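Asker: Just passing along the structure, written as structure tokens.
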Protein chains: 2
Amino acid sequence: MALPSTETSRLDNTLAVIRTLRDHGPVARTDLSKLNGISSATVTSISAELLQQDLITQQPPETPRPYGRGRPKTLIQLNPQAAYVVCIKLSINEIQLVVGDFAGQVRHREYYAASTLALSADDLEALLEDKISAVCAQQLKGFQRLAGICLAVQGVVSSQSGTIIWSPALSFRNAPMSARLAERFHCSVLLENDANCIANVLAARSAYADCANLVVIMLGYGIGMSVLINGVPYLGANGSAAEFGHSKYQPDGARCACGRRGCIEAYASDYALYRAAAEQLALPSGDSAHPSEQQMQALTQLALKGDPTAQRIYDEAGRALGVGIANVLALFNPDLVLITGSGVRGFGAMQAAMHSAIDDALVAELRGTTRIESCAWDRDMTCMGGIAMALNATDAETLQATAQRVQ
Amino acid sequence: MALPSTETSRLDNTLAVIRTLRDHGPVARTDLSKLNGISSATVTSISAELLQQDLITQQPPETPRPYGRGRPKTLIQLNPQAAYVVCIKLSINEIQLVVGDFAGQVRHREYYAASTLALSADDLEALLEDKISAVCAQQLKGFQRLAGICLAVQGVVSSQSGTIIWSPALSFRNAPMSARLAERFHCSVLLENDANCIANVLAARSAYADCANLVVIMLGYGIGMSVLINGVPYLGANGSAAEFGHSKYQPDGARCACGRRGCIEAYASDYALYRAAAEQLALPSGDSAHPSEQQMQALTQLALKGDPTAQRIYDEAGRALGVGIANVLALFNPDLVLITGSGVRGFGAMQAAMHSAIDDALVAELRGTTRIESCAWDRDMTCMGGIAMALNATDAETLQATAQRVQ
DNA sequence: CTATTTACTTTAGGTACTAAAATAAATATC
DNA sequence: GATATTTATTTTAGTACCTAAAGTAAATAG
């Protein structure tokens, strides 16, 4: 039984090593060999190259003193300063900017309030250029290069062409974004749907490591979704993310922000919940089309404390969500559906109705074994995912770039 | 700008050559080189091996006489007798058996009437063993070996474990099938959903060659679906095919064969159409829960000729189908949705309502650029797909098997 | 202080690719 | 009809990369 031939190339193996180091922190060569199924001779060769390119550093084998016999392991780790990436999250009235280093750690973050809906495509681009330039100048003295930028945008984007097709945070449409930023900063620019970024972070968590097919639903002002198939975000024909929020609950139901009727979003998003509540309850005033976190929390509290009207509103939202998820189960049959986003605050009040809607909709054979779970929300999650994706996308480039410099 | 390293292995290249030959028929070495992006030296080496293993034959360079200057091409082609595969399609009350050769051509087909619902898992297995043995004995004297079997089953199957989870054609559930057949015939056994087989055939057609993401909807007694992502059938967590037929149109709508309410299938499948019609119209008698092709054609004719009741029934079916497809567009955003199956006979009567339901459901940005087309139905299509899939699955094995014999 | 253990590196050998040179087999030209 | 040209295929030479096995390094156990 001979070996099934080579199957791998140097680039693949090198990327595998880099990714292992990024996931695990300092690792010894032997362990890299075992973790990636390549011979230790190859690891020696690869790490020698990376060392020469200053992409990794050796740890002086001092600290982890006694752990048995034999020559102690020499740990190698990524050089954080070998490169850095920037992730910018664009949401309604807020721009978030996070810098990550080559090792995948967050180095810096900042938040800006901005009237995003008032910006033209050119305005936005100028703004992004300013912010990125500023952050590069201030924060990144010791670093070797800006390797990549990830733009995480709510709505429909075309990753391939780098075009923002439609976003609830922006009033313009079909605007190319990646190309000009790439030219300005001489690095690759990733344009991603925000839900894809989050799905990426979550999929990397050990608790969900066994889920090859993962659906992440983001509840919030709108409702987004991302599907990971074999761990890779699924982008449809247009490169746009899955639009779960606009799949249907009731063909002629409630009015949705998209202009149509009966979308899941028209029942279970923040604006839909608040709209339904505003008609029936006395609530803190404010912009009811864009309810604030405080307003939403007040409403959630009402429902959780047993107010029957609020409870009824969340039940209906849960049913809509349940029917939507039933369709996702019938069509995708994923290993896991994770529900997150700022809207998870109200998930407790929707959960029961959601589960009973799913059970009503699907018999056991079709319901399958999909787990449905919620997951605490962290406002930085999107950017962490964006940084991970940007690094993954630029590793090969970084390799090339530093190889040139060395040689 | 050095080469980006090898990236390929002998096995990959050899499989690529075999597949090119299967798709194109006789091809010259130069063209194999161009079509697969490998050097002609490598093609020479690979074809020498295949020739030695008797997997390909050289065409005496006679027939295509004058086509310009230069040394004439020596065409090589697959040896059809190098191996053969059997595909068995299991549907309600019918078993279809088709034999394909190594070149992908159908060599033999036969149909049996069988009361599939009356069979136990053991009965079915015995029956399949008999039929396969018989066909091997009769049809396949000159052939080298049975390389693979594909079982194409309506319903939910787990390809990975080779288990039939649930099929409308069978009264038993959760029965392993692949393993025992594999043991009996010493070849790999593929268990596939019938819609996946069809999607595979359709995706191979040149008209749809540019569709990386393809959704095929099969209308018939039930409603099935298959999703190809980057040309590969998507199997969910359980390996079960996408169950479009049981995604929802109306949460508390019509009763479906699955036991729940409001499924698309409960409106647009043969049994649903006939059920609705039987309540309101005088129709040829017979088993109205399993309407025959004649019964369905009579009903379709009524609708197409303008009978208002029949028309209303098909309109409602079209709306259900449209809402279902709108959800598919929102969630998958494929390049193309193809509608086929015996039920396409009635597609003309549903089409208008379907399109207007889709337009009502989704705004242009979400509707995307997905083409929606129907496709004439051919009862042998499933098995042709099964044969293609079985061959693809067993090429590597065949290579190994004949290599052993040669050596 | 030596044997043992474990980590890492070097060496030797193999697979499989490509570019370029050589060969083969036709047609075009004069 | 001999030679040049063109195109297809094969052979040759060289490269990249991998692995197994042998060699070296650096610790602990006794």
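Naming works like this for the structure tokens: A, B, ... for the chains as they're shown, residue 1 at the start of each chain, ligands 1 onward in shown order.
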Counting only C-alpha atoms (C1' of nucleotides), which residues of chain B sit at most 9 Å from some atom of chain C, and what is each one's closest atom pair with its distance in Å to one decimal, listed by chain and rising residue number, as a Markdown table?
Answerer:
| residue | atom | partner | partner_atom | distance |
| --- | --- | --- | --- | --- |
| B:Thr6 | CA | C:DC17 | C1' | 6.7 |
| B:Thr8 | CA | C:DC17 | C1' | 8.7 |
| B:Ser9 | CA | C:DA16 | C1' | 7.1 |
| B:Arg10 | CA | C:DA16 | C1' | 6.8 |
| B:Ile38 | CA | C:DC17 | C1' | 8.8 |
| B:Ser39 | CA | C:DT18 | C1' | 6.8 |
| B:Ala41 | CA | C:DT18 | C1' | 8.0 |
| B:Thr42 | CA | C:DC17 | C1' | 7.4 |
| B:Gly68 | CA | C:DT27 | C1' | 6.8 |
| B:Arg69 | CA | C:DT27 | C1' | 4.5 |
| B:Gly70 | CA | C:DA26 | C1' | 4.8 |
| B:Arg71 | CA | C:DA26 | C1' | 4.4 |
| B:Pro72 | CA | C:DA26 | C1' | 6.2 |
Asker: For N, CA and C atoms, I'd like the residues from the last selection saved as a PDB file, in the first residue's frame.
Answerer:
ATOM      1  N   THR B   6       3.763  22.979  -7.185  1.00  0.00           N
ATOM      2  CA  THR B   6       3.144  21.885  -7.895  1.00  0.00           C
ATOM      3  C   THR B   6       1.617  21.869  -7.789  1.00  0.00           C
ATOM      4  N   THR B   8      -0.547  19.910  -7.643  1.00  0.00           N
ATOM      5  CA  THR B   8      -1.315  18.775  -8.143  1.00  0.00           C
ATOM      6  C   THR B   8      -0.573  17.487  -7.850  1.00  0.00           C
ATOM      7  N   SER B   9      -1.252  16.408  -7.946  1.00  0.00           N
ATOM      8  CA  SER B   9      -0.600  15.136  -7.753  1.00  0.00           C
ATOM      9  C   SER B   9      -0.962  14.253  -8.932  1.00  0.00           C
ATOM     10  N   ARG B  10      -0.290  13.167  -9.051  1.00  0.00           N
ATOM     11  CA  ARG B  10      -0.530  12.266 -10.148  1.00  0.00           C
ATOM     12  C   ARG B  10      -1.982  11.812 -10.204  1.00  0.00           C
ATOM     13  N   ILE B  38      -2.144  20.876 -17.944  1.00  0.00           N
ATOM     14  CA  ILE B  38      -0.932  20.145 -17.580  1.00  0.00           C
ATOM     15  C   ILE B  38      -0.065  20.000 -18.822  1.00  0.00           C
ATOM     16  N   SER B  39       1.215  19.769 -18.621  1.00  0.00           N
ATOM     17  CA  SER B  39       2.121  19.745 -19.771  1.00  0.00           C
ATOM     18  C   SER B  39       1.892  18.483 -20.589  1.00  0.00           C
ATOM     19  N   ALA B  41       4.067  16.549 -21.709  1.00  0.00           N
ATOM     20  CA  ALA B  41       4.925  15.474 -21.219  1.00  0.00           C
ATOM     21  C   ALA B  41       4.183  14.649 -20.171  1.00  0.00           C
ATOM     22  N   THR B  42       3.480  15.356 -19.280  1.00  0.00           N
ATOM     23  CA  THR B  42       2.726  14.655 -18.248  1.00  0.00           C
ATOM     24  C   THR B  42       1.602  13.839 -18.862  1.00  0.00           C
ATOM     25  N   GLY B  68      -5.460  19.893 -42.135  1.00  0.00           N
ATOM     26  CA  GLY B  68      -4.371  20.855 -42.067  1.00  0.00           C
ATOM     27  C   GLY B  68      -3.014  20.185 -42.012  1.00  0.00           C
ATOM     28  N   ARG B  69      -2.010  20.979 -41.764  1.00  0.00           N
ATOM     29  CA  ARG B  69      -0.643  20.467 -41.761  1.00  0.00           C
ATOM     30  C   ARG B  69      -0.301  19.798 -40.446  1.00  0.00           C
ATOM     31  N   GLY B  70       0.870  19.319 -40.381  1.00  0.00           N
ATOM     32  CA  GLY B  70       1.407  18.803 -39.134  1.00  0.00           C
ATOM     33  C   GLY B  70       1.075  17.356 -38.875  1.00  0.00           C
ATOM     34  N   ARG B  71       1.748  16.824 -37.943  1.00  0.00           N
ATOM     35  CA  ARG B  71       1.502  15.432 -37.558  1.00  0.00           C
ATOM     36  C   ARG B  71       0.066  15.310 -37.068  1.00  0.00           C
ATOM     37  N   PRO B  72      -0.657  14.320 -37.528  1.00  0.00           N
ATOM     38  CA  PRO B  72      -2.056  14.215 -37.098  1.00  0.00           C
ATOM     39  C   PRO B  72      -2.160  13.794 -35.631  1.00  0.00           C
TER      40      PRO B  72
END
Asker: What lies within 12 Å of Gly343 of chain B using only C-alpha atoms (C1' of nucleotides), ignoring chain neighbours under 3 positions off, as a count of residues only?
Answerer: 38
Asker: Please check the contacts: residues of chain D at most 10 Å away from chain B, using only C-alpha atoms (C1' of nucleotides), listed as a ChimeraX atom specification.
Answerer: /D:5-11,16-17
Asker: Env of Glu373 of chain B: 12 Å cut, atoms = only C-alpha atoms (C1' of nucleotides), seq-sep filter 6 positions within chain, self excluded. Answer as a PyMOL selection string.
Answerer: chain B and resi 207-208+214-217+325+335-340+344+347-348+351+354-355
Asker: For the selection just defined, write its residues with C-alpha atoms to a file, as a JSON list (two decimals), in the first residue's frame.
Answerer:
[["chain", "number", "residue", "atom", "x", "y", "z"],
["B", 207, "ALA", "CA", -26.34, 25.24, -21.32],
["B", 208, "TYR", "CA", -25.87, 25.34, -17.56],
["B", 214, "LEU", "CA", -27.64, 25.41, -9.13],
["B", 215, "VAL", "CA", -30.95, 24.49, -7.56],
["B", 216, "VAL", "CA", -33.02, 21.77, -9.19],
["B", 217, "ILE", "CA", -36.63, 21.35, -8.16],
["B", 325, "ILE", "CA", -38.70, 29.67, -4.60],
["B", 335, "ASP", "CA", -27.31, 31.22, -10.38],
["B", 336, "LEU", "CA", -30.16, 29.14, -11.70],
["B", 337, "VAL", "CA", -33.30, 27.40, -10.51],
["B", 338, "LEU", "CA", -34.31, 24.56, -12.80],
["B", 339, "ILE", "CA", -37.73, 23.01, -12.52],
["B", 340, "THR", "CA", -38.18, 19.52, -13.84],
["B", 344, "VAL", "CA", -43.40, 19.98, -15.33],
["B", 347, "PHE", "CA", -45.70, 24.05, -15.19],
["B", 348, "GLY", "CA", -47.27, 26.12, -17.96],
["B", 351, "GLN", "CA", -45.88, 29.72, -14.23],
["B", 354, "MET", "CA", -45.35, 31.58, -9.61],
["B", 355, "HIS", "CA", -43.54, 34.54, -11.11]]
Asker: Can you list every residue in segment 11-201 of chain A that DSSP puts in strand (DSSP E), as a PyMOL selection string?
Answerer: chain A and resi 27-28+56-58+75-78+84-91+94-101+106-113+146-153+156-158+163-166+175-176+188-193
Asker: Go ahead and write the selection's residues with C-alpha atoms as an mmCIF file, in the first residue's frame.
Answerer:
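Ended up saving to selection_21.cif:
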data_model
loop_
_atom_site.group_PDB
_atom_site.id
_atom_site.type_symbol
_atom_site.label_atom_id
_atom_site.label_comp_id
_atom_site.auth_asym_id
_atom_site.auth_seq_id
_atom_site.Cartn_x
_atom_site.Cartn_y
_atom_site.Cartn_z
ATOM 1 C CA VAL A 27 3.960 25.406 19.161
ATOM 2 C CA ALA A 28 6.992 23.153 18.821
ATOM 3 C CA ILE A 56 8.028 33.751 13.161
ATOM 4 C CA THR A 57 10.268 33.935 16.219
ATOM 5 C CA GLN A 58 11.789 31.222 18.369
ATOM 6 C CA LEU A 75 8.489 26.714 20.597
ATOM 7 C CA ILE A 76 7.999 28.906 17.610
ATOM 8 C CA GLN A 77 5.360 31.581 17.316
ATOM 9 C CA LEU A 78 4.157 34.136 14.845
ATOM 10 C CA TYR A 84 -1.275 43.969 10.541
ATOM 11 C CA VAL A 85 -4.791 44.186 9.230
ATOM 12 C CA VAL A 86 -7.636 46.605 9.757
ATOM 13 C CA CYS A 87 -11.301 45.696 9.985
ATOM 14 C CA ILE A 88 -13.951 48.345 9.610
ATOM 15 C CA LYS A 89 -17.522 47.628 10.545
ATOM 16 C CA LEU A 90 -20.143 49.793 8.982
ATOM 17 C CA SER A 91 -23.497 49.898 10.678
ATOM 18 C CA GLU A 94 -21.644 53.893 13.714
ATOM 19 C CA ILE A 95 -18.266 53.060 12.277
ATOM 20 C CA GLN A 96 -16.034 50.726 14.195
ATOM 21 C CA LEU A 97 -12.364 50.284 13.417
ATOM 22 C CA VAL A 98 -10.200 47.511 14.807
ATOM 23 C CA VAL A 99 -6.531 46.732 14.176
ATOM 24 C CA GLY A 100 -5.232 43.200 14.442
ATOM 25 C CA ASP A 101 -1.668 41.928 14.293
ATOM 26 C CA VAL A 106 -6.587 42.866 18.516
ATOM 27 C CA ARG A 107 -4.162 45.763 18.936
ATOM 28 C CA HIS A 108 -6.435 48.736 18.885
ATOM 29 C CA ARG A 109 -10.087 49.623 18.470
ATOM 30 C CA GLU A 110 -12.091 52.778 18.071
ATOM 31 C CA TYR A 111 -15.694 53.742 17.482
ATOM 32 C CA TYR A 112 -17.050 56.752 15.626
ATOM 33 C CA ALA A 113 -20.552 58.084 15.498
ATOM 34 C CA LEU A 146 -0.534 46.801 6.269
ATOM 35 C CA ALA A 147 -1.431 43.430 4.826
ATOM 36 C CA GLY A 148 -5.149 43.755 4.386
ATOM 37 C CA ILE A 149 -8.383 45.555 5.111
ATOM 38 C CA CYS A 150 -11.732 43.993 5.781
ATOM 39 C CA LEU A 151 -14.901 45.996 5.355
ATOM 40 C CA ALA A 152 -17.761 44.390 7.243
ATOM 41 C CA VAL A 153 -21.061 45.770 6.040
ATOM 42 C CA VAL A 156 -25.976 42.769 0.495
ATOM 43 C CA VAL A 157 -22.433 42.972 -0.786
ATOM 44 C CA SER A 158 -20.577 41.380 -3.631
ATOM 45 C CA THR A 163 -19.213 46.291 -4.415
ATOM 46 C CA ILE A 164 -21.698 47.335 -1.771
ATOM 47 C CA ILE A 165 -24.973 46.414 -3.405
ATOM 48 C CA TRP A 166 -27.368 47.513 -0.730
ATOM 49 C CA ALA A 175 -20.953 51.326 -5.093
ATOM 50 C CA PRO A 176 -17.564 49.729 -5.687
ATOM 51 C CA SER A 188 -5.945 43.470 -0.553
ATOM 52 C CA VAL A 189 -9.360 44.651 0.568
ATOM 53 C CA LEU A 190 -12.046 42.212 1.591
ATOM 54 C CA LEU A 191 -15.669 43.236 1.478
ATOM 55 C CA GLU A 192 -17.802 41.038 3.658
ATOM 56 C CA ASN A 193 -21.271 40.816 4.987
#
Asker: Which neighbours of segment 246-262 of chain A fall inside 6 Å, counting only C-alpha atoms (C1' of nucleotides), when residues of the same chain fewer than 4 positions from it are skipped, and could you give them as a list of chain:residue names?
Answerer: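 Answer for this query is A:Ala266, A:Ala320, B:Asn327, B:Ala330.
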Asker: Quick one: residues within 12 Å of Val232 of chain B, only C-alpha atoms (C1' of nucleotides), excluding same-chain residues fewer than 5 positions away - as number ranges by chain?
Answerer: A: 229; B: 196-197, 199-201, 203-204, 211-215, 226-227, 389, 392
